[in-house]
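A.B. asks: Structure supplied as model_20.cif; contents: mmCIF, C-alpha atoms.
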```cif
data_start
loop_
_atom_site.label_atom_id
_atom_site.label_comp_id
_atom_site.auth_asym_id
_atom_site.auth_seq_id
_atom_site.Cartn_x
_atom_site.Cartn_y
_atom_site.Cartn_z
CA MET A 1 -7.70 -6.01 20.62
CA PHE A 2 -10.40 -3.91 22.19
CA PHE A 3 -13.13 -1.46 21.19
CA LYS A 4 -12.86 2.26 21.73
CA THR A 5 -15.59 4.82 21.08
CA ILE A 6 -14.22 7.70 19.03
CA ASN A 7 -16.23 10.87 18.45
CA PHE A 8 -15.19 12.01 14.98
CA ALA A 9 -16.77 15.43 15.52
CA LYS A 10 -13.89 15.95 17.96
CA TYR A 11 -11.22 13.51 16.73
CA SER A 12 -11.16 14.16 12.99
CA SER A 13 -9.31 17.22 11.73
CA ILE A 14 -12.43 18.46 9.88
CA LYS A 15 -14.58 17.99 13.04
CA VAL A 16 -17.36 16.16 11.19
CA GLY A 17 -18.91 12.91 12.34
CA GLN A 18 -20.36 11.19 15.37
CA PRO A 19 -19.28 8.67 18.05
CA VAL A 20 -18.27 5.36 16.43
CA GLU A 21 -16.98 2.13 17.97
CA VAL A 22 -13.51 1.51 16.56
CA LEU A 23 -11.59 -1.76 16.98
CA MET A 24 -8.10 -1.08 18.37
CA ILE A 25 -5.41 -3.47 17.13
CA GLU A 26 -2.61 -4.45 19.51
CA LYS A 27 0.76 -6.10 18.82
CA GLY A 28 0.28 -9.79 18.10
CA ASP A 29 -3.36 -9.48 17.03
CA ILE A 30 -4.54 -10.99 13.78
CA ILE A 31 -5.71 -7.96 11.80
CA PRO A 32 -9.30 -8.39 10.52
CA GLU A 33 -9.91 -8.19 6.79
CA ASN A 34 -13.46 -6.84 7.06
CA ARG A 35 -12.66 -3.47 8.64
CA TYR A 36 -11.38 -0.17 7.26
CA LEU A 37 -8.14 1.00 8.85
CA ILE A 38 -7.95 4.63 9.94
CA GLY A 39 -5.08 6.61 11.44
CA GLY A 40 -5.14 10.16 12.72
CA ALA A 41 -8.35 10.98 10.78
CA ASN A 42 -6.68 13.99 9.17
CA ASN A 43 -7.97 13.26 5.67
CA LEU A 44 -11.25 11.56 6.57
CA LEU A 45 -14.84 12.65 6.10
CA VAL A 46 -16.92 10.23 8.15
CA SER A 47 -20.55 9.69 7.13
CA PRO A 48 -23.42 8.81 9.48
CA THR A 49 -23.07 5.20 8.25
CA PRO A 50 -19.34 4.40 8.05
CA PRO A 51 -18.04 0.88 7.40
CA PRO A 52 -16.66 -1.11 10.37
CA LEU A 53 -13.49 0.72 11.45
CA MET A 54 -10.22 -0.27 13.11
CA MET A 55 -7.09 1.55 14.23
CA LEU A 56 -3.58 0.55 15.23
CA SER A 57 -3.07 1.08 18.96
CA LYS A 58 -0.15 2.92 20.56
CA ASP A 59 1.75 -0.41 20.40
CA PHE A 60 2.58 0.66 16.84
CA ALA A 61 3.65 4.22 17.74
CA THR A 62 7.34 3.35 17.90
CA ILE A 63 10.58 4.66 16.43
CA GLU A 64 13.97 2.98 16.76
CA ARG A 65 17.37 2.93 15.14
CA GLU A 66 18.83 -0.35 13.90
CA GLU A 67 22.29 0.06 12.38
CA ASP A 68 21.81 2.34 9.34
CA MET A 69 18.00 2.05 9.34
CA LEU A 70 15.25 3.97 11.10
CA ILE A 71 12.27 1.70 11.84
CA ILE A 72 9.03 3.60 12.48
CA GLY A 73 5.70 2.12 13.56
CA ALA A 74 2.69 2.99 11.43
CA ALA A 75 0.82 4.64 14.33
CA MET A 76 3.66 7.12 14.92
CA PRO A 77 2.42 10.73 14.54
CA SER A 78 4.25 12.85 11.98
CA GLY A 79 5.08 15.52 14.56
CA ARG A 80 6.95 13.03 16.74
CA ILE A 81 8.86 11.77 13.68
CA VAL A 82 10.06 15.32 12.96
CA THR A 83 11.01 15.85 16.62
CA TYR A 84 13.02 12.61 16.70
CA THR A 85 14.85 13.18 13.42
CA LYS A 86 15.70 16.76 14.37
CA LYS A 87 17.07 15.63 17.74
CA HIS A 88 19.19 12.92 16.11
CA ASN A 89 20.26 15.03 13.08
CA ILE A 90 18.58 12.77 10.49
CA SER A 91 17.76 14.18 7.05
CA GLY A 92 14.76 13.64 4.80
CA PHE A 93 11.82 13.94 7.18
CA GLU A 94 11.55 17.74 7.31
CA PHE A 95 8.49 17.72 5.02
CA CYS A 96 6.55 15.67 7.59
CA THR A 97 6.03 18.89 9.55
CA LYS A 98 3.42 19.83 6.92
CA LEU A 99 1.66 16.46 7.09
CA PRO A 100 -0.62 15.91 10.07
CA GLY A 101 -1.53 12.34 10.95
CA THR A 102 0.38 9.09 11.31
CA LEU A 103 3.01 7.31 9.24
CA GLY A 104 0.48 4.66 8.20
CA GLY A 105 -1.75 7.23 6.56
CA MET A 106 1.24 8.83 4.87
CA LEU A 107 2.30 5.48 3.43
CA ALA A 108 -1.19 4.55 2.25
CA MET A 109 -1.45 7.66 0.08
CA ASN A 110 2.23 8.43 -0.54
CA ALA A 111 1.65 11.73 1.20
CA GLY A 112 3.86 14.66 0.39
CA VAL A 113 4.45 18.38 0.03
CA LYS A 114 5.51 19.77 -3.33
CA ASN A 115 8.38 17.53 -4.52
CA TYR A 116 8.79 15.79 -1.17
CA GLU A 117 6.95 12.46 -0.80
CA VAL A 118 7.27 9.69 1.77
CA PHE A 119 8.14 7.11 -0.92
CA ASN A 120 11.15 9.24 -1.93
CA ILE A 121 12.86 8.35 1.35
CA LEU A 122 11.26 4.93 1.98
CA HIS A 123 13.29 1.70 2.03
CA SER A 124 10.62 -0.92 2.79
CA VAL A 125 7.23 -1.43 4.43
CA GLU A 126 5.97 -4.14 6.73
CA VAL A 127 2.63 -5.25 5.25
CA ASN A 128 0.64 -8.04 6.87
CA GLY A 129 3.76 -9.04 8.79
CA LYS A 130 6.11 -9.24 5.78
CA TRP A 131 8.73 -6.70 4.73
CA ILE A 132 8.33 -5.45 1.14
CA LEU A 133 10.89 -3.30 -0.65
CA LYS A 134 9.72 0.01 -2.06
CA GLU A 135 10.67 -1.16 -5.55
CA ASP A 136 8.10 -3.96 -5.29
CA ILE A 137 5.22 -1.59 -4.49
CA GLU A 138 3.18 0.23 -7.12
CA TYR A 139 3.01 3.88 -6.14
CA GLY A 140 2.75 7.37 -7.61
CA TYR A 141 1.29 10.80 -6.96
CA ARG A 142 -0.85 10.48 -3.82
CA PHE A 143 -1.37 6.74 -4.07
CA ALA A 144 0.32 3.50 -3.07
CA LYS A 145 -0.97 -0.04 -3.54
CA LEU A 146 0.16 -1.71 -0.34
CA ASN A 147 -2.23 -4.65 -0.74
CA GLY A 148 -2.62 -4.99 3.00
CA ILE A 149 -2.12 -3.23 6.32
CA ALA A 150 1.16 -1.41 6.86
CA THR A 151 2.38 -1.73 10.45
CA ALA A 152 5.90 -0.29 10.13
CA ALA A 153 8.40 1.12 7.65
CA LYS A 154 12.18 1.32 7.28
CA PHE A 155 14.15 4.34 6.12
CA LYS A 156 17.89 4.49 5.41
CA ILE A 157 19.48 6.98 7.79
CA ILE A 158 21.13 10.00 6.18
CA GLU A 159 22.61 12.56 8.53
CA GLY A 160 21.98 16.28 8.28
CA PHE A 161 18.60 17.62 9.45
CA ASP A 162 17.82 20.74 7.38
CA GLN A 163 16.33 23.45 9.62
CA ASN A 164 16.14 25.91 6.71
CA LEU A 165 13.98 23.47 4.74
CA LEU A 166 11.78 22.93 7.79
CA ASP A 167 11.28 26.69 8.17
CA GLU A 168 10.54 27.04 4.45
CA LEU A 169 7.89 24.31 4.58
CA LEU A 170 6.34 25.76 7.73
CA SER A 171 5.95 29.09 5.95
CA LEU A 172 3.67 27.39 3.44
CA ARG A 173 1.03 27.17 6.17
CA SER A 174 0.35 30.88 5.67
CA ASN A 175 -1.86 30.09 2.67
CA GLN A 176 -3.88 27.48 4.53
CA PRO A 177 -7.10 28.20 6.41
CA LEU A 178 -7.16 28.13 10.21
CA GLU A 179 -10.62 26.55 10.42
CA PRO A 180 -10.96 22.76 10.80
CA SER A 181 -10.41 20.96 7.48
CA ALA A 182 -9.22 17.65 6.09
CA GLY A 183 -6.46 19.24 4.03
CA SER A 184 -6.66 19.26 0.24
CA VAL A 185 -9.98 17.79 -0.88
CA PHE A 186 -8.91 16.93 -4.44
CA LYS A 187 -5.71 15.71 -6.01
CA ASN A 188 -4.18 18.16 -8.46
CA PRO A 189 -4.91 17.04 -12.03
CA LYS A 190 -1.84 16.73 -14.24
CA GLY A 191 -0.54 20.16 -15.24
CA ASP A 192 -3.06 22.09 -13.17
CA TYR A 193 -4.22 22.82 -9.63
CA ALA A 194 -7.53 21.77 -8.09
CA GLY A 195 -7.68 25.03 -6.13
CA ARG A 196 -7.37 27.08 -9.32
CA LEU A 197 -10.15 25.08 -10.97
CA ILE A 198 -12.48 25.44 -7.98
CA GLU A 199 -11.87 29.19 -7.95
CA ALA A 200 -12.32 29.45 -11.73
CA ALA A 201 -15.63 27.63 -11.39
CA GLY A 202 -16.80 30.38 -9.02
CA LEU A 203 -16.92 28.20 -5.92
CA LYS A 204 -14.21 29.75 -3.76
CA GLY A 205 -15.86 30.90 -0.51
CA LEU A 206 -19.16 29.14 -1.31
CA LYS A 207 -21.03 27.87 1.76
CA LYS A 208 -23.53 25.10 2.34
CA GLY A 209 -24.79 25.27 5.88
CA ASN A 210 -21.69 25.39 8.06
CA MET A 211 -19.29 23.96 5.48
CA GLN A 212 -17.43 26.21 3.05
CA TRP A 213 -14.91 26.14 0.24
CA SER A 214 -12.24 28.22 1.93
CA ASP A 215 -11.80 31.80 0.75
CA ILE A 216 -8.06 31.45 1.55
CA HIS A 217 -7.28 28.23 -0.32
CA ALA A 218 -10.07 27.03 -2.61
CA ASN A 219 -9.13 23.32 -2.39
CA PHE A 220 -9.73 23.29 1.36
CA LEU A 221 -13.21 22.49 2.64
CA VAL A 222 -13.56 24.09 6.07
CA ASN A 223 -15.95 23.57 8.94
CA LEU A 224 -17.30 26.86 10.28
CA GLY A 225 -18.74 25.09 13.33
CA GLY A 226 -21.20 22.22 13.43
CA GLY A 227 -20.83 21.33 9.75
CA THR A 228 -22.27 18.01 8.60
CA PHE A 229 -21.27 15.23 6.24
CA GLU A 230 -24.23 16.01 4.00
CA GLU A 231 -23.19 19.66 3.64
CA ALA A 232 -19.60 18.67 2.87
CA LYS A 233 -20.66 16.02 0.36
CA TYR A 234 -22.92 18.53 -1.41
CA LEU A 235 -20.00 20.95 -1.93
CA ILE A 236 -17.65 18.18 -3.09
CA ASP A 237 -20.17 16.83 -5.61
CA LEU A 238 -20.97 20.35 -6.82
CA ALA A 239 -17.29 21.10 -7.46
CA LYS A 240 -16.79 17.85 -9.39
CA GLU A 241 -19.91 18.50 -11.47
CA LYS A 242 -19.09 22.14 -12.31
CA ILE A 243 -15.43 21.50 -13.13
CA LEU A 244 -16.27 18.52 -15.32
CA LYS A 245 -18.81 20.63 -17.19
CA LYS A 246 -16.61 23.74 -17.50
CA PHE A 247 -13.15 22.20 -18.05
CA ASN A 248 -13.88 18.55 -18.93
CA ILE A 249 -11.70 17.51 -15.97
CA LEU A 250 -12.90 14.91 -13.48
CA LEU A 251 -11.39 15.75 -10.10
CA LYS A 252 -10.40 12.85 -7.85
CA GLU A 253 -10.71 13.09 -4.09
CA GLU A 254 -7.57 13.16 -1.98
CA ILE A 255 -9.63 12.91 1.18
CA LYS A 256 -11.36 9.64 2.06
CA LEU A 257 -15.14 9.56 2.37
CA LEU A 258 -16.31 6.78 4.66
#
```
Since I need it in another form, could you write the structure as structure tokens?

C.D. replies:
Amino acid sequence: MFFKTINFAKYSSIKVGQPVEVLMIEKGDIIPENRYLIGGANNLLVSPTPPPLMMLSKDFATIEREEDMLIIGAAMPSGRIVTYTKKHNISGFEFCTKLPGTLGGMLAMNAGVKNYEVFNILHSVEVNGKWILKEDIEYGYRFAKLNGIATAAKFKIIEGFDQNLLDELLSLRSNQPLEPSAGSVFKNPKGDYAGRLIEAAGLKGLKKGNMQWSDIHANFLVNLGGGTFEEAKYLIDLAKEKILKKFNILLKEEIKLL
């Protein structure tokens, strides 16, 4: 293991943060229990005082075929997973094209698009060095209780990459803002949409400093350039407060605030 300084104002997808020393975990290392594991920082909002952080090194960015199973390392970026499965005509991973980040982050939150979720195609996960079947993991909409650090996952290989589905999912990007963001800020409450609630509360397009609730998709918090954690946190807290007061719904964050 070794330390690497990561500037989250450049590294994170929302471009908020500062340089932080992050412990890089290599194959064979004993993974510390007192550090927060991050991946591609695509759903992170890093504060000026984050907890001690760690990240899986490129040792875990692997993908290999073993009989009828695809074994993917947790540090593997979603884009490379899509490229591999398309090249080898493997079905089920088309939705990953809409999910920036690494497999580890996708597993930790059961990431998905519409009806497509990573746990739908998952066979088992390597957690703290032991393989655990999907059926033995508690998971649901945008959450999974892994009870440890996922370093790899297995997926049963089904042939037939669906280019039409890939194109359909890519077209969904048209309703997403182009500015830096961390994706959807809030989980959709049951039977409703967080974006609709934010818009109904009159917050769509609202700015605080250089952070803004997007005027394209209200559940995206975008950085207009030089936005800060404090500005983002103000808008998140304001949305939760107004929607609780107006609709008696307590929104839950999909992004992680560190």

A.B. asks: How many Å separate CA of Phe161 (chain A) from CA of Ile255 (chain A)?

C.D. replies: 29.8 Å

A.B. asks: Could you tell me, as a ChimeraX atom specification, exactly which residues end up selected when the PyMOL selection byres ((chain A and resi 166) around 12) is applied to this structure?

C.D. replies: /A:82-83,85-86,91-98,113,116,161-165,167-173

A.B. asks: Evaluate the PyMOL selection byres ((chain A and resi 198) around 10) and record the selected residues as a PyMOL selection string, following the chain and residue labels used in the document.

C.D. replies: chain A and resi 186+193-197+199-205+213+217-220+238-240+242-243+251

A.B. asks: Could you check which residues have any atom within 12 Å of (14.1, 4.7, -2.5), counting only C-alpha atoms with coordinates taken straight from the file, and then list them as a ChimeraX atom specification?

C.D. replies: /A:92,117-125,133-137,139,154-157

A.B. asks: Neighbours of region 223-233 of chain A within 8 Å (all atoms listed in the file; same-chain residues fewer than 4 positions away dropped), as a VMD selection string?

C.D. replies: chain A and resid 14 to 17 45 to 48 179 to 181 208 to 212 237

A.B. asks: Restricting the calculation to all atoms listed in the file, which member of A:Phe8, A:Val20, A:Met106, A:Ile249 is positioned closest to Gly191 (chain A)?

C.D. replies: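 Smallest separation from Gly191 (chain A) among the options: A:Ile249.
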
A.B. asks: Would you mind telling me which residue in A:Leu44, A:Ile216, A:Leu206, A:Met55 lies nearest to Glu254 (chain A) when using all atoms listed in the file?

C.D. replies: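 Going through A:Leu44, A:Ile216, A:Leu206, A:Met55 one by one, the smallest distance to Glu254 (chain A) is for A:Leu44.
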
A.B. asks: Using the chain letters and numbers from the file, give me the residues hit by the PyMOL selection byres ((chain A and resi 148) around 12), as a list in words.

C.D. replies: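 In the shown coordinates, the PyMOL selection byres ((chain A and resi 148) around 12) covers Ile31, Pro32, Glu33, Asn34, Arg35, Tyr36, Leu37, Gly104, Leu107, Ala108, Val125, Glu126, Val127, Asn128, Gly129, Lys130, Trp131, Ile132, Ile137, Ala144, Lys145, Leu146, Asn147, Ile149, Ala150 and Thr151 of chain A.
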
A.B. asks: Expressed in Å to a single decimal, how great is the separation between CA of Asp59 (chain A) and CA of Leu257 (chain A)?

C.D. replies: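 Distance between the two atoms: 26.6 Å.
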
A.B. asks: Nearest to Asn115 (chain A): which of A:Pro52, A:Tyr141, A:Lys58, A:Glu241 is it, counting only C-alpha atoms?

C.D. replies: A:Tyr141

A.B. asks: Which distance in Å separates CA of Ile63 (chain A) and CA of Met1 (chain A), to one decimal?

C.D. replies: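 Interatomic distance, CA of Ile63 (chain A) to CA of Met1 (chain A): 21.6 Å.
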
A.B. asks: Using all atoms listed in the file, which residue out of A:Ile90, A:Arg142, A:Ile6, A:Met24 lies closest to Met69 (chain A)?

C.D. replies: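 Checking each of A:Ile90, A:Arg142, A:Ile6, A:Met24 against Met69 (chain A), counting all atoms listed in the file, the winner is A:Ile90.
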
A.B. asks: Of the candidates A:Gly160, A:Phe2, A:Pro50, A:Glu138, which one gets nearest to Asp29 (chain A) if we count all atoms listed in the file?

C.D. replies: A:Phe2

A.B. asks: Of the candidates A:Val185, A:Leu56, A:Leu221, A:Ile236, which shows the shortest atom-to-atom distance to Gly73 (chain A), using all atoms listed in the file?

C.D. replies: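 Looking only at the distances to Gly73 (chain A), the closest residue turns out to be A:Leu56.
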